[in-house]
Each structure stands twice: as C-alpha cells, then as structure tokens.
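Below: run28.cif (mmCIF, C-alpha atoms)
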data_coords
#
loop_
_atom_site.group_PDB
_atom_site.id
_atom_site.type_symbol
_atom_site.label_atom_id
_atom_site.label_comp_id
_atom_site.auth_asym_id
_atom_site.auth_seq_id
_atom_site.Cartn_x
_atom_site.Cartn_y
_atom_site.Cartn_z
ATOM 1 C CA MET A 52 46.650 -26.161 18.622
ATOM 2 C CA ASP A 53 45.218 -26.873 22.100
ATOM 3 C CA HIS A 54 41.863 -28.285 23.295
ATOM 4 C CA ALA A 55 40.070 -24.974 23.488
ATOM 5 C CA GLN A 56 41.207 -23.877 20.046
ATOM 6 C CA ALA A 57 40.221 -27.190 18.483
ATOM 7 C CA ILE A 58 36.803 -27.209 20.144
ATOM 8 C CA GLU A 59 36.096 -23.641 19.016
ATOM 9 C CA LEU A 60 36.599 -24.821 15.443
ATOM 10 C CA PHE A 61 34.286 -27.867 15.578
ATOM 11 C CA SER A 62 31.398 -26.094 13.848
ATOM 12 C CA ALA A 63 33.493 -24.541 11.117
ATOM 13 C CA TYR A 64 35.378 -27.812 10.620
ATOM 14 C CA THR A 65 32.185 -29.861 10.355
ATOM 15 C CA GLU A 66 30.738 -27.421 7.842
ATOM 16 C CA SER A 67 33.960 -27.425 5.774
ATOM 17 C CA GLU A 68 34.409 -23.716 6.310
ATOM 18 C CA LEU A 69 38.024 -23.802 7.420
ATOM 19 C CA PRO A 70 40.961 -23.070 5.142
ATOM 20 C CA PRO A 71 42.739 -26.357 4.236
ATOM 21 C CA GLU A 72 45.717 -25.622 6.468
ATOM 22 C CA GLN A 73 43.552 -24.980 9.537
ATOM 23 C CA ALA A 74 41.406 -28.032 8.790
ATOM 24 C CA ARG A 75 44.575 -30.143 8.726
ATOM 25 C CA GLU A 76 45.613 -28.729 12.102
ATOM 26 C CA VAL A 77 42.265 -29.724 13.585
ATOM 27 C CA GLU A 78 42.591 -33.215 12.126
ATOM 28 C CA GLN A 79 46.120 -33.600 13.481
ATOM 29 C CA HIS A 80 44.968 -32.445 16.913
ATOM 30 C CA LEU A 81 42.047 -34.873 16.883
ATOM 31 C CA GLN A 82 44.393 -37.715 16.019
ATOM 32 C CA SER A 83 46.693 -36.967 18.904
ATOM 33 C CA CYS A 84 44.214 -35.864 21.589
ATOM 34 C CA ILE A 85 41.844 -38.476 23.033
ATOM 35 C CA PRO A 86 39.601 -36.084 25.041
ATOM 36 C CA CYS A 87 39.146 -33.879 21.976
ATOM 37 C CA ARG A 88 38.333 -36.884 19.854
ATOM 38 C CA ARG A 89 35.707 -37.890 22.376
ATOM 39 C CA GLU A 90 34.271 -34.369 22.355
ATOM 40 C CA TYR A 91 34.218 -34.376 18.596
ATOM 41 C CA GLY A 92 32.426 -37.742 18.560
ATOM 42 C CA GLN A 93 29.716 -36.283 20.785
ATOM 43 C CA PHE A 94 29.540 -33.235 18.572
ATOM 44 C CA GLN A 95 29.078 -35.401 15.472
ATOM 45 C CA ARG A 96 26.390 -37.377 17.251
ATOM 46 C CA LEU A 97 24.519 -34.166 17.998
ATOM 47 C CA MET A 98 24.807 -32.933 14.420
ATOM 48 C CA ALA A 99 23.606 -36.282 13.094
ATOM 49 C CA GLY A 100 20.684 -36.168 15.509
ATOM 50 C CA LEU A 101 19.740 -32.655 14.413
ATOM 51 C CA HIS A 102 19.956 -33.441 10.714
ATOM 52 C CA ALA A 103 17.987 -36.653 11.161
ATOM 53 C CA MET A 104 15.045 -34.995 12.846
ATOM 54 C CA PRO A 105 11.981 -35.957 10.834
ATOM 55 C CA ARG A 106 10.126 -33.307 8.858
ATOM 56 C CA LEU A 107 6.808 -32.854 10.553
ATOM 57 C CA THR A 108 3.701 -32.183 8.563
ATOM 58 C CA ALA A 109 0.945 -29.784 9.476
ATOM 59 C CA PRO A 110 -2.152 -31.438 10.933
ATOM 60 C CA PRO A 111 -5.022 -32.305 8.601
ATOM 61 C CA GLU A 112 -7.478 -29.491 7.914
ATOM 62 C CA PHE A 113 -4.729 -26.958 8.556
ATOM 63 C CA VAL A 114 -5.514 -24.943 5.408
ATOM 64 C CA GLN A 115 -9.231 -24.872 6.157
ATOM 65 C CA GLY A 116 -8.417 -23.843 9.716
ATOM 66 C CA VAL A 117 -6.428 -20.830 8.547
ATOM 67 C CA VAL A 118 -9.090 -19.775 6.056
ATOM 68 C CA ALA A 119 -11.806 -20.108 8.692
ATOM 69 C CA ARG A 120 -9.743 -18.049 11.107
ATOM 70 C CA VAL A 121 -9.214 -15.342 8.503
ATOM 71 C CA ARG A 122 -12.928 -15.226 7.686
ATOM 72 C CA LYS A 123 -13.954 -15.102 11.316
ATOM 73 C CA ARG A 124 -11.517 -12.368 12.213
ATOM 74 C CA SER A 125 -12.169 -10.144 9.228
ATOM 75 C CA GLY A 126 -15.885 -10.665 8.934
ATOM 76 C CA GLY A 127 -15.321 -11.883 5.382
ATOM 77 C CA ARG A 128 -13.645 -8.641 4.261
ATOM 78 C CA PHE A 129 -10.196 -10.170 3.795
ATOM 79 C CA PHE A 130 -11.062 -11.858 0.543
ATOM 80 C CA ALA A 131 -12.540 -8.807 -1.104
ATOM 81 C CA PRO A 132 -10.775 -6.092 -3.083
ATOM 82 C CA ARG A 133 -9.611 -3.295 -0.828
ATOM 83 C CA ARG A 134 -11.721 -0.190 -0.905
ATOM 84 C CA LEU A 135 -10.821 3.255 0.346
ATOM 85 C CA VAL A 136 -13.309 2.985 3.211
ATOM 86 C CA ASP A 137 -11.573 -0.181 4.505
ATOM 87 C CA ARG A 138 -8.783 1.887 5.945
ATOM 88 C CA ILE A 139 -8.087 5.394 7.186
ATOM 89 C CA PRO A 140 -7.217 7.538 4.133
ATOM 90 C CA TYR A 141 -4.056 9.127 5.528
ATOM 91 C CA GLU A 142 -3.118 10.563 2.124
ATOM 92 C CA LEU A 143 -6.375 12.536 1.999
ATOM 93 C CA PHE A 144 -5.903 13.761 5.564
ATOM 94 C CA SER A 145 -2.362 14.899 4.771
ATOM 95 C CA LEU A 146 -3.516 16.893 1.760
ATOM 96 C CA LEU A 147 -6.340 18.493 3.731
ATOM 97 C CA MET A 148 -3.975 19.455 6.547
ATOM 98 C CA LEU A 149 -1.481 20.961 4.105
ATOM 99 C CA GLY A 150 -4.259 22.994 2.466
ATOM 100 C CA LEU A 151 -5.465 24.153 5.838
ATOM 101 C CA LEU A 152 -1.975 25.240 6.909
ATOM 102 C CA LEU A 153 -1.453 27.098 3.628
ATOM 103 C CA ALA A 154 -4.773 28.903 3.996
ATOM 104 C CA LEU A 155 -3.909 29.832 7.596
ATOM 105 C CA TYR A 156 -0.531 31.159 6.517
ATOM 106 C CA LEU A 157 -2.060 33.290 3.772
ATOM 107 C CA VAL A 158 -4.681 34.748 6.108
ATOM 108 C CA MET A 159 -2.051 35.656 8.713
ATOM 109 C CA HIS A 160 0.282 37.084 6.081
ATOM 110 C CA MET A 161 -2.418 39.238 4.528
ATOM 111 C CA SER A 162 -3.586 40.581 7.862
ATOM 112 C CA GLN A 163 -0.100 41.848 8.916
ATOM 113 C CA PRO A 164 0.381 45.701 9.094
ATOM 114 C CA GLY A 165 1.798 47.202 5.935
ATOM 115 C CA HIS A 166 -0.321 45.116 3.677
ATOM 116 C CA LEU A 167 -3.061 46.708 1.746
ATOM 117 C CA GLN A 168 -6.327 45.977 3.490
ATOM 118 C CA LEU A 169 -9.216 45.446 1.213
ATOM 119 C CA PRO A 170 -12.292 47.441 2.123
ATOM 120 C CA MET B 235 12.313 -14.703 -6.529
ATOM 121 C CA SER B 236 10.871 -17.283 -8.909
ATOM 122 C CA LEU B 237 8.175 -16.425 -11.419
ATOM 123 C CA ARG B 238 5.738 -18.642 -9.580
ATOM 124 C CA GLU B 239 6.380 -16.821 -6.307
ATOM 125 C CA MET B 240 5.992 -13.446 -8.010
ATOM 126 C CA GLN B 241 2.656 -14.448 -9.489
ATOM 127 C CA LEU B 242 1.509 -15.832 -6.177
ATOM 128 C CA VAL B 243 2.418 -12.630 -4.349
ATOM 129 C CA ARG B 244 0.639 -10.511 -6.952
ATOM 130 C CA ARG B 245 -2.514 -12.599 -6.586
ATOM 131 C CA LEU B 246 -2.263 -12.385 -2.805
ATOM 132 C CA GLN B 247 -2.028 -8.628 -3.046
ATOM 133 C CA GLU B 248 -5.204 -8.723 -5.103
ATOM 134 C CA ARG B 249 -6.931 -10.567 -2.241
ATOM 135 C CA ASP B 250 -7.417 -13.764 -4.210
ATOM 136 C CA GLN B 251 -8.698 -16.416 -1.815
ATOM 137 C CA ARG B 252 -7.536 -19.254 -4.027
ATOM 138 C CA ALA B 253 -4.035 -17.795 -4.040
ATOM 139 C CA PHE B 254 -4.151 -17.618 -0.255
ATOM 140 C CA GLU B 255 -5.167 -21.261 0.021
ATOM 141 C CA GLU B 256 -2.485 -22.228 -2.490
ATOM 142 C CA MET B 257 0.132 -20.357 -0.498
ATOM 143 C CA VAL B 258 -0.918 -22.000 2.781
ATOM 144 C CA ARG B 259 -0.962 -25.416 1.120
ATOM 145 C CA LEU B 260 2.470 -24.815 -0.356
ATOM 146 C CA TYR B 261 4.199 -23.670 2.825
ATOM 147 C CA GLN B 262 2.120 -25.211 5.630
ATOM 148 C CA HIS B 263 4.493 -28.075 6.369
ATOM 149 C CA LYS B 264 7.631 -25.927 6.286
ATOM 150 C CA VAL B 265 6.117 -23.363 8.617
ATOM 151 C CA TYR B 266 4.589 -25.960 10.912
ATOM 152 C CA ASN B 267 7.864 -27.871 11.183
ATOM 153 C CA LEU B 268 9.812 -24.709 11.978
ATOM 154 C CA VAL B 269 7.294 -23.535 14.558
ATOM 155 C CA TYR B 270 7.000 -26.973 16.138
ATOM 156 C CA ARG B 271 10.773 -27.304 16.475
ATOM 157 C CA MET B 272 10.877 -23.842 18.021
ATOM 158 C CA LEU B 273 8.044 -24.362 20.493
ATOM 159 C CA GLY B 274 8.112 -28.120 21.011
ATOM 160 C CA HIS B 275 4.362 -28.383 21.474
ATOM 161 C CA PRO B 276 1.869 -29.491 18.801
ATOM 162 C CA GLU B 277 -1.086 -27.367 19.906
ATOM 163 C CA GLU B 278 1.021 -24.239 20.257
ATOM 164 C CA ALA B 279 2.682 -24.988 16.930
ATOM 165 C CA ARG B 280 -0.621 -25.289 15.098
ATOM 166 C CA ASP B 281 -1.947 -22.098 16.612
ATOM 167 C CA VAL B 282 1.196 -20.077 15.903
ATOM 168 C CA ALA B 283 1.619 -21.494 12.385
ATOM 169 C CA GLN B 284 -1.929 -20.417 11.554
ATOM 170 C CA GLU B 285 -1.229 -16.957 12.918
ATOM 171 C CA VAL B 286 1.861 -16.776 10.706
ATOM 172 C CA PHE B 287 -0.265 -17.186 7.589
ATOM 173 C CA ILE B 288 -2.744 -14.608 8.771
ATOM 174 C CA THR B 289 0.088 -12.131 9.263
ATOM 175 C CA VAL B 290 1.419 -12.958 5.805
ATOM 176 C CA PHE B 291 -1.938 -12.212 4.273
ATOM 177 C CA LYS B 292 -2.412 -9.008 6.259
ATOM 178 C CA SER B 293 1.009 -7.633 5.443
ATOM 179 C CA VAL B 294 1.602 -8.982 1.938
ATOM 180 C CA ASP B 295 1.274 -5.430 0.583
ATOM 181 C CA THR B 296 4.513 -4.562 2.384
ATOM 182 C CA PHE B 297 6.445 -7.404 0.703
ATOM 183 C CA ARG B 298 8.837 -5.710 -1.717
ATOM 184 C CA GLY B 299 10.375 -8.780 -3.310
ATOM 185 C CA ASP B 300 13.912 -7.942 -2.080
ATOM 186 C CA ALA B 301 14.204 -11.445 -0.618
ATOM 187 C CA GLN B 302 12.667 -14.795 -1.443
ATOM 188 C CA PHE B 303 9.049 -15.058 -0.397
ATOM 189 C CA SER B 304 9.928 -18.101 1.724
ATOM 190 C CA THR B 305 12.614 -16.060 3.532
ATOM 191 C CA TRP B 306 10.065 -13.373 4.321
ATOM 192 C CA LEU B 307 7.679 -16.084 5.506
ATOM 193 C CA TYR B 308 10.352 -17.581 7.761
ATOM 194 C CA ARG B 309 11.060 -14.155 9.239
ATOM 195 C CA ILE B 310 7.399 -13.733 10.131
ATOM 196 C CA ALA B 311 7.341 -17.246 11.585
ATOM 197 C CA ALA B 312 10.491 -16.612 13.638
ATOM 198 C CA ASN B 313 9.027 -13.377 14.995
ATOM 199 C CA HIS B 314 5.792 -15.093 15.922
ATOM 200 C CA CYS B 315 7.733 -17.809 17.745
ATOM 201 C CA LYS B 316 9.785 -15.196 19.555
ATOM 202 C CA ASN B 317 6.654 -13.415 20.744
ATOM 203 C CA ARG B 318 4.955 -16.638 21.753
ATOM 204 C CA LEU B 319 8.006 -17.783 23.679
ATOM 205 C CA LYS B 320 8.085 -14.475 25.527
ATOM 206 C CA TYR B 321 4.429 -14.863 26.370
ATOM 207 C CA LEU B 322 4.849 -18.463 27.445
ATOM 208 C CA GLY B 323 7.994 -17.564 29.361
ATOM 209 C CA ARG B 324 6.002 -15.113 31.430
ATOM 210 C CA ARG B 325 3.673 -18.003 32.194
ATOM 211 C CA SER B 326 6.574 -20.224 33.307
ATOM 212 C CA TYR B 327 6.326 -22.490 30.271
ATOM 213 C CA LYS B 328 10.054 -23.107 30.026
ATOM 214 C CA ALA B 329 11.112 -26.221 31.837
ATOM 215 C CA THR B 330 14.575 -25.206 32.975
ATOM 216 C CA GLY B 331 17.394 -22.837 32.283
ATOM 217 C CA GLU B 332 19.931 -25.611 32.414
ATOM 218 C CA LEU B 333 21.249 -25.193 28.870
ATOM 219 C CA ASN B 334 21.362 -21.428 28.990
ATOM 220 C CA GLU B 335 23.491 -21.681 32.078
ATOM 221 C CA ALA B 336 25.762 -23.962 30.075
ATOM 222 C CA ILE B 337 26.004 -21.335 27.354
ATOM 223 C CA GLU B 338 26.779 -18.653 29.896
ATOM 224 C CA GLY B 339 29.463 -20.934 31.259
ATOM 225 C CA GLU B 340 30.962 -21.257 27.818
ATOM 226 C CA LEU B 341 30.941 -17.552 27.291
ATOM 227 C CA GLN B 342 32.991 -17.181 30.436
ATOM 228 C CA GLN B 343 35.374 -20.026 29.845
ATOM 229 C CA ALA B 344 35.753 -19.739 26.062
ATOM 230 C CA ALA B 345 35.627 -23.517 25.855
ATOM 231 C CA PRO B 346 33.855 -26.267 27.766
ATOM 232 C CA SER B 347 35.784 -28.353 30.200
ATOM 233 C CA LEU B 348 36.885 -31.824 29.356
ATOM 234 C CA THR B 349 35.986 -34.036 32.220
ATOM 235 C CA ALA B 350 35.987 -37.743 32.762
ATOM 236 C CA SER B 351 32.203 -37.742 33.132
ATOM 237 C CA HIS B 352 31.737 -37.002 29.446
ATOM 238 C CA VAL B 353 32.467 -40.422 28.082
ATOM 239 C CA ASP B 354 30.941 -41.624 24.851
ATOM 240 C CA GLY B 355 28.274 -44.224 25.225
ATOM 241 C CA PRO B 356 28.060 -47.048 22.718
ATOM 242 C CA GLU B 357 26.497 -45.559 19.601
ATOM 243 C CA THR B 358 24.666 -48.762 18.857
ATOM 244 C CA THR B 359 22.473 -48.467 21.957
ATOM 245 C CA LEU B 360 21.065 -45.128 20.895
ATOM 246 C CA GLU B 361 17.557 -45.388 19.662
ATOM 247 C CA GLY B 362 16.693 -42.833 17.017
ATOM 248 C CA LEU B 363 13.494 -41.842 18.753
ATOM 249 C CA GLU B 364 15.208 -41.310 22.069
ATOM 250 C CA LEU B 365 17.846 -39.164 20.411
ATOM 251 C CA GLU B 366 15.171 -37.133 18.638
ATOM 252 C CA ARG B 367 13.256 -36.667 21.870
ATOM 253 C CA LEU B 368 16.339 -35.501 23.707
ATOM 254 C CA VAL B 369 17.397 -33.172 20.909
ATOM 255 C CA GLN B 370 13.926 -31.626 20.785
ATOM 256 C CA GLU B 371 13.904 -31.305 24.569
ATOM 257 C CA GLY B 372 17.354 -29.732 24.489
ATOM 258 C CA ILE B 373 16.356 -27.249 21.802
ATOM 259 C CA ARG B 374 13.379 -26.240 23.912
ATOM 260 C CA MET B 375 15.650 -25.368 26.774
ATOM 261 C CA LEU B 376 17.764 -22.963 24.763
ATOM 262 C CA ASP B 377 17.098 -19.256 24.872
ATOM 263 C CA GLU B 378 15.072 -18.010 21.933
ATOM 264 C CA GLU B 379 17.999 -16.335 20.178
ATOM 265 C CA TYR B 380 20.030 -19.575 20.215
ATOM 266 C CA ARG B 381 17.035 -21.754 19.507
ATOM 267 C CA THR B 382 16.067 -19.815 16.379
ATOM 268 C CA LEU B 383 19.526 -20.117 14.896
ATOM 269 C CA MET B 384 19.799 -23.813 15.642
ATOM 270 C CA VAL B 385 16.415 -24.623 14.142
ATOM 271 C CA LEU B 386 17.008 -22.514 11.041
ATOM 272 C CA ARG B 387 20.457 -23.924 10.375
ATOM 273 C CA ASP B 388 20.571 -27.442 11.754
ATOM 274 C CA VAL B 389 16.960 -28.529 11.388
ATOM 275 C CA GLU B 390 15.768 -26.499 8.410
ATOM 276 C CA ASN B 391 19.190 -26.542 6.702
ATOM 277 C CA LEU B 392 19.010 -22.914 5.594
ATOM 278 C CA ALA B 393 22.069 -21.131 4.213
ATOM 279 C CA TYR B 394 23.822 -18.637 6.480
ATOM 280 C CA GLU B 395 22.952 -15.818 4.109
ATOM 281 C CA GLU B 396 19.257 -16.578 4.437
ATOM 282 C CA ILE B 397 19.525 -16.883 8.216
ATOM 283 C CA CYS B 398 21.155 -13.448 8.351
ATOM 284 C CA THR B 399 18.271 -11.997 6.332
ATOM 285 C CA ILE B 400 15.710 -13.636 8.588
ATOM 286 C CA THR B 401 17.313 -12.674 11.889
ATOM 287 C CA GLY B 402 18.973 -9.408 10.886
ATOM 288 C CA LEU B 403 22.199 -10.593 12.520
ATOM 289 C CA PRO B 404 25.681 -10.436 10.981
ATOM 290 C CA GLU B 405 27.082 -13.764 9.798
ATOM 291 C CA GLY B 406 29.832 -13.799 12.425
ATOM 292 C CA THR B 407 27.296 -13.414 15.230
ATOM 293 C CA VAL B 408 25.114 -16.139 13.767
ATOM 294 C CA LYS B 409 28.025 -18.550 13.567
ATOM 295 C CA SER B 410 29.412 -17.855 17.022
ATOM 296 C CA ARG B 411 26.002 -18.108 18.707
ATOM 297 C CA LEU B 412 25.197 -21.244 16.805
ATOM 298 C CA HIS B 413 28.456 -22.830 17.874
ATOM 299 C CA ARG B 414 27.747 -22.025 21.514
ATOM 300 C CA ALA B 415 24.261 -23.480 21.211
ATOM 301 C CA ARG B 416 25.637 -26.657 19.626
ATOM 302 C CA MET B 417 28.245 -27.083 22.313
ATOM 303 C CA ALA B 418 25.655 -26.611 25.041
ATOM 304 C CA LEU B 419 23.321 -29.100 23.416
ATOM 305 C CA LYS B 420 26.197 -31.530 22.953
ATOM 306 C CA GLU B 421 26.849 -31.381 26.693
ATOM 307 C CA TYR B 422 23.169 -31.918 27.370
ATOM 308 C CA LEU B 423 23.091 -35.023 25.179
ATOM 309 C CA ALA B 424 26.297 -36.367 26.684
ATOM 310 C CA LYS B 425 24.792 -35.965 30.134
ATOM 311 C CA HIS B 426 21.555 -37.735 29.252
ATOM 312 C CA LEU B 427 22.823 -40.378 26.855
ATOM 313 C CA GLY B 428 26.140 -41.084 28.481
#

Could you spell out this file's structure in structure tokens?
Amino acid sequence: MDHAQAIELFSAYTESELPPEQAREVEQHLQSCIPCRREYGQFQRLMAGLHAMPRLTAPPEFVQGVVARVRKRSGGRFFAPRRLVDRIPYELFSLLMLGLLLALYLVMHMSQPGHLQLP
Amino acid sequence: MSLREMQLVRRLQERDQRAFEEMVRLYQHKVYNLVYRMLGHPEEARDVAQEVFITVFKSVDTFRGDAQFSTWLYRIAANHCKNRLKYLGRRSYKATGELNEAIEGELQQAAPSLTASHVDGPETTLEGLELERLVQEGIRMLDEEYRTLMVLRDVENLAYEEICTITGLPEGTVKSRLHRARMALKEYLAKHLG
C-alpha cells in the first residue's frame, strides 16, 4: 500500500467500513510511513472538530415567527379545512373536457355521409 | 415511521394549527442547526429555516410516508439551502473558491500531495472555539454539493442510507464526494492551524 492508496481509505478506515484485512494494511502503512501518519493525524483532528461542533438552537420566538409568517402569507386560510374553492378543481375540468370531446365526436360521427339523417 | 409521526402528519394534513406548532417546536432546533451549518449566517439561517416549515405545511399532502418524516423534512431543508446558496452566490456571497479548487486538485491528482508545509501543530494549543470557527468557515467555502454531504454526515451524524434518500445520490457517490470534501477541509485546517 502506498501513500495515495492509504489516504483514499482514510474515511472508510475512520468509519470502520473496511474489511479487517484492508484495515490492517492501512494500520501497517500508518505505522511505517511518517507523512501518512501526519496526514492521518490532521484528518482525525478535522473529524473531531466536525463531531464536536455544538448543536445550535433556533432563536427564541422561532415558532411564533413561523406561525405569523404563515398567517400573513395565507391571509389566515392555512389553518382552515381545505375547501374546493381554495384551489383549481382540475378533476372537474378534466371530466368536463372529456364530456365535451365525447359530444364533439358523436356529433361529427352522426353527421358523416351514410348515416341516417334525422328529419 | 413512528406512530407519533404518523399522527402528527395526519393532523397536519387536516390543517390543525396546534399540530403545526408542535411540529415546528419539535424540529426547530434540528432544522435551524442544519441550515445554519449550511449557510453559516444566523439571519439567513433563521429566514431559511422558517421557510422550510412553511414548505412542509404547504406540501404535507404530498408526503406519502415512504420515508421518515424527519428525512422528508431534511430533504426540504437541503433543497431550500441549495436554492438560497444559488441566490446568494449570484450576489457574490461566497467568500472564496479556495476549497473547491482544492477539491478539483484532488480530482485530478487522485490524492493530495504530502509536503513539508503540512506539519502538525501542537494539539494542545488548539482552542475549541477557534477550531469550530475554522471548520464552519471551511464548510462555507465548499461547493453546495460537498457542503450538504459534510453537514448531513459529519455534523448531523445521519446514516448513509438516510443521506442517500435526502440527496437522491447513490451511496458510492456520497462516500467519494464526502471523502474529497473532508480531505479539502483537512488541508484548509492544516494551512490555518499549522
């Protein structure tokens, strides 16, 4: 195992995702290679820094802020049961269009030559 | 999905204001922390985190329950961050492309160089706050795609499976991009901390 190969495996090694044999190879390389050991030390420092980042909390009044924003933007309609008029009734439009197309088809079909024309 | 989450979602779909407030109260800190770590700015984080909850409420009818509710929430938050970063990027918000150049360099070289300039500094001199500041600063300099993965995995400690659901990326891609981001950030820290 060379430098590049060892370094490529730092993440998997740190997260214990390597097969035991490969993990041992990384360990052996780290023991024998000073630059890689230095790199790995820096890598561990980064990972420790990332994991130690404090959990931030939302500012006070955050919940009230969201609710106020929702109310303002929706004019109060958000917190009311949805009614049909609150949105475009696409289902109704689709049915109407289908009916219209069917009626159009029937009219054209009936008016073709060869069909019995009603007086 | 837990029973509590299922009940909460059902009440949200019924437009129950108390359920909405409960949901915001329950997830506000998680979402805020994620958004803050992504954007690195408290005012932006508050604004975007609030927008995340509004989107959740508006689109809760589309939630099918295939994933955890929190996973769905994280996906919305990640998308909001992505859009905000694009918007801010157009307004020259990003400080520098230094780390992304480092990642590009890694892509070309397959591995970073080992030079004498990257010598470990004494660990004992590192102040926790300074390290946190530098890590946050470094994260902010990563491209959005790298930044999202690093925050989800290394800050939020999410499982790879959940990250794949949130980002829609295959696990192999997640892992390789994350490794590149870590290596770039490692170089950044080494440069600034010695």

What do you get, as a PyMOL selection string, if you spell out every residue that the PyMOL selection byres ((chain B) within 9 of (chain A)) selects here? chain B and resi 248-251+254-256+258-259+262-268+270+280+283-285+287-288+291-292+344-350+352-354+357+362+365-366+369-370+384-385+388-391+409+412-414+416-417+419-421+423-424

Output for the residues just chosen: C-alpha atoms as a PDB file, in the frame of the given file:
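Result file out_14.pdb:
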ATOM      1  CA  GLU B 248      -5.204  -8.723  -5.103  1.00  0.00           C
ATOM      2  CA  ARG B 249      -6.931 -10.567  -2.241  1.00  0.00           C
ATOM      3  CA  ASP B 250      -7.417 -13.764  -4.210  1.00  0.00           C
ATOM      4  CA  GLN B 251      -8.698 -16.416  -1.815  1.00  0.00           C
ATOM      5  CA  PHE B 254      -4.151 -17.618  -0.255  1.00  0.00           C
ATOM      6  CA  GLU B 255      -5.167 -21.261   0.021  1.00  0.00           C
ATOM      7  CA  GLU B 256      -2.485 -22.228  -2.490  1.00  0.00           C
ATOM      8  CA  VAL B 258      -0.918 -22.000   2.781  1.00  0.00           C
ATOM      9  CA  ARG B 259      -0.962 -25.416   1.120  1.00  0.00           C
ATOM     10  CA  GLN B 262       2.120 -25.211   5.630  1.00  0.00           C
ATOM     11  CA  HIS B 263       4.493 -28.075   6.369  1.00  0.00           C
ATOM     12  CA  LYS B 264       7.631 -25.927   6.286  1.00  0.00           C
ATOM     13  CA  VAL B 265       6.117 -23.363   8.617  1.00  0.00           C
ATOM     14  CA  TYR B 266       4.589 -25.960  10.912  1.00  0.00           C
ATOM     15  CA  ASN B 267       7.864 -27.871  11.183  1.00  0.00           C
ATOM     16  CA  LEU B 268       9.812 -24.709  11.978  1.00  0.00           C
ATOM     17  CA  TYR B 270       7.000 -26.973  16.138  1.00  0.00           C
ATOM     18  CA  ARG B 280      -0.621 -25.289  15.098  1.00  0.00           C
ATOM     19  CA  ALA B 283       1.619 -21.494  12.385  1.00  0.00           C
ATOM     20  CA  GLN B 284      -1.929 -20.417  11.554  1.00  0.00           C
ATOM     21  CA  GLU B 285      -1.229 -16.957  12.918  1.00  0.00           C
ATOM     22  CA  PHE B 287      -0.265 -17.186   7.589  1.00  0.00           C
ATOM     23  CA  ILE B 288      -2.744 -14.608   8.771  1.00  0.00           C
ATOM     24  CA  PHE B 291      -1.938 -12.212   4.273  1.00  0.00           C
ATOM     25  CA  LYS B 292      -2.412  -9.008   6.259  1.00  0.00           C
ATOM     26  CA  ALA B 344      35.753 -19.739  26.062  1.00  0.00           C
ATOM     27  CA  ALA B 345      35.627 -23.517  25.855  1.00  0.00           C
ATOM     28  CA  PRO B 346      33.855 -26.267  27.766  1.00  0.00           C
ATOM     29  CA  SER B 347      35.784 -28.353  30.200  1.00  0.00           C
ATOM     30  CA  LEU B 348      36.885 -31.824  29.356  1.00  0.00           C
ATOM     31  CA  THR B 349      35.986 -34.036  32.220  1.00  0.00           C
ATOM     32  CA  ALA B 350      35.987 -37.743  32.762  1.00  0.00           C
ATOM     33  CA  HIS B 352      31.737 -37.002  29.446  1.00  0.00           C
ATOM     34  CA  VAL B 353      32.467 -40.422  28.082  1.00  0.00           C
ATOM     35  CA  ASP B 354      30.941 -41.624  24.851  1.00  0.00           C
ATOM     36  CA  GLU B 357      26.497 -45.559  19.601  1.00  0.00           C
ATOM     37  CA  GLY B 362      16.693 -42.833  17.017  1.00  0.00           C
ATOM     38  CA  LEU B 365      17.846 -39.164  20.411  1.00  0.00           C
ATOM     39  CA  GLU B 366      15.171 -37.133  18.638  1.00  0.00           C
ATOM     40  CA  VAL B 369      17.397 -33.172  20.909  1.00  0.00           C
ATOM     41  CA  GLN B 370      13.926 -31.626  20.785  1.00  0.00           C
ATOM     42  CA  MET B 384      19.799 -23.813  15.642  1.00  0.00           C
ATOM     43  CA  VAL B 385      16.415 -24.623  14.142  1.00  0.00           C
ATOM     44  CA  ASP B 388      20.571 -27.442  11.754  1.00  0.00           C
ATOM     45  CA  VAL B 389      16.960 -28.529  11.388  1.00  0.00           C
ATOM     46  CA  GLU B 390      15.768 -26.499   8.410  1.00  0.00           C
ATOM     47  CA  ASN B 391      19.190 -26.542   6.702  1.00  0.00           C
ATOM     48  CA  LYS B 409      28.025 -18.550  13.567  1.00  0.00           C
ATOM     49  CA  LEU B 412      25.197 -21.244  16.805  1.00  0.00           C
ATOM     50  CA  HIS B 413      28.456 -22.830  17.874  1.00  0.00           C
ATOM     51  CA  ARG B 414      27.747 -22.025  21.514  1.00  0.00           C
ATOM     52  CA  ARG B 416      25.637 -26.657  19.626  1.00  0.00           C
ATOM     53  CA  MET B 417      28.245 -27.083  22.313  1.00  0.00           C
ATOM     54  CA  LEU B 419      23.321 -29.100  23.416  1.00  0.00           C
ATOM     55  CA  LYS B 420      26.197 -31.530  22.953  1.00  0.00           C
ATOM     56  CA  GLU B 421      26.849 -31.381  26.693  1.00  0.00           C
ATOM     57  CA  LEU B 423      23.091 -35.023  25.179  1.00  0.00           C
ATOM     58  CA  ALA B 424      26.297 -36.367  26.684  1.00  0.00           C
TER      59      ALA B 424
END

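Distances from A:Cys84, A:Glu76, A:Glu112, A:Met148 to Tyr64 (chain A) were compared using only C-alpha atoms, and the smallest one belongs to A:Glu76.
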
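Atom pair CA of Cys398 (chain B) / CA of Arg324 (chain B): separated by 27.7 Å.
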
Point-to-point distance from CA of Ala74 (chain A) to CA of Arg387 (chain B), Å rounded to tenths: 21.4 Å

What does the distance between CA of Arg122 (chain A) and CA of Thr289 (chain B) come to in Å, to one decimal place?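 Going from CA of Arg122 (chain A) over to CA of Thr289 (chain B), I get 13.5 Å.
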
Pick out the closest residue to Leu392 (chain B) from this set: B:Ala418, B:Lys320, B:Ser304, B:Arg411. Count all atoms listed in the file. B:Ser304

I need the residue nearest Leu368 (chain B) from this list: B:Leu427, B:Leu383, B:Val408, B:Ala312. Use all atoms listed in the file for the distance.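 The answer is B:Leu427, which sits nearest to Leu368 (chain B).
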
Could you give me the axis-aligned bounding box of region 99-118 of chain A, with 3 Å of padding per side, as centre plus edge lengths in Å to one decimal, as AutoDock Vina command-line options?
--center_x 7.2 --center_y -28.2 --center_z 10.5 --size_x 38.8 --size_y 22.9 --size_z 16.1
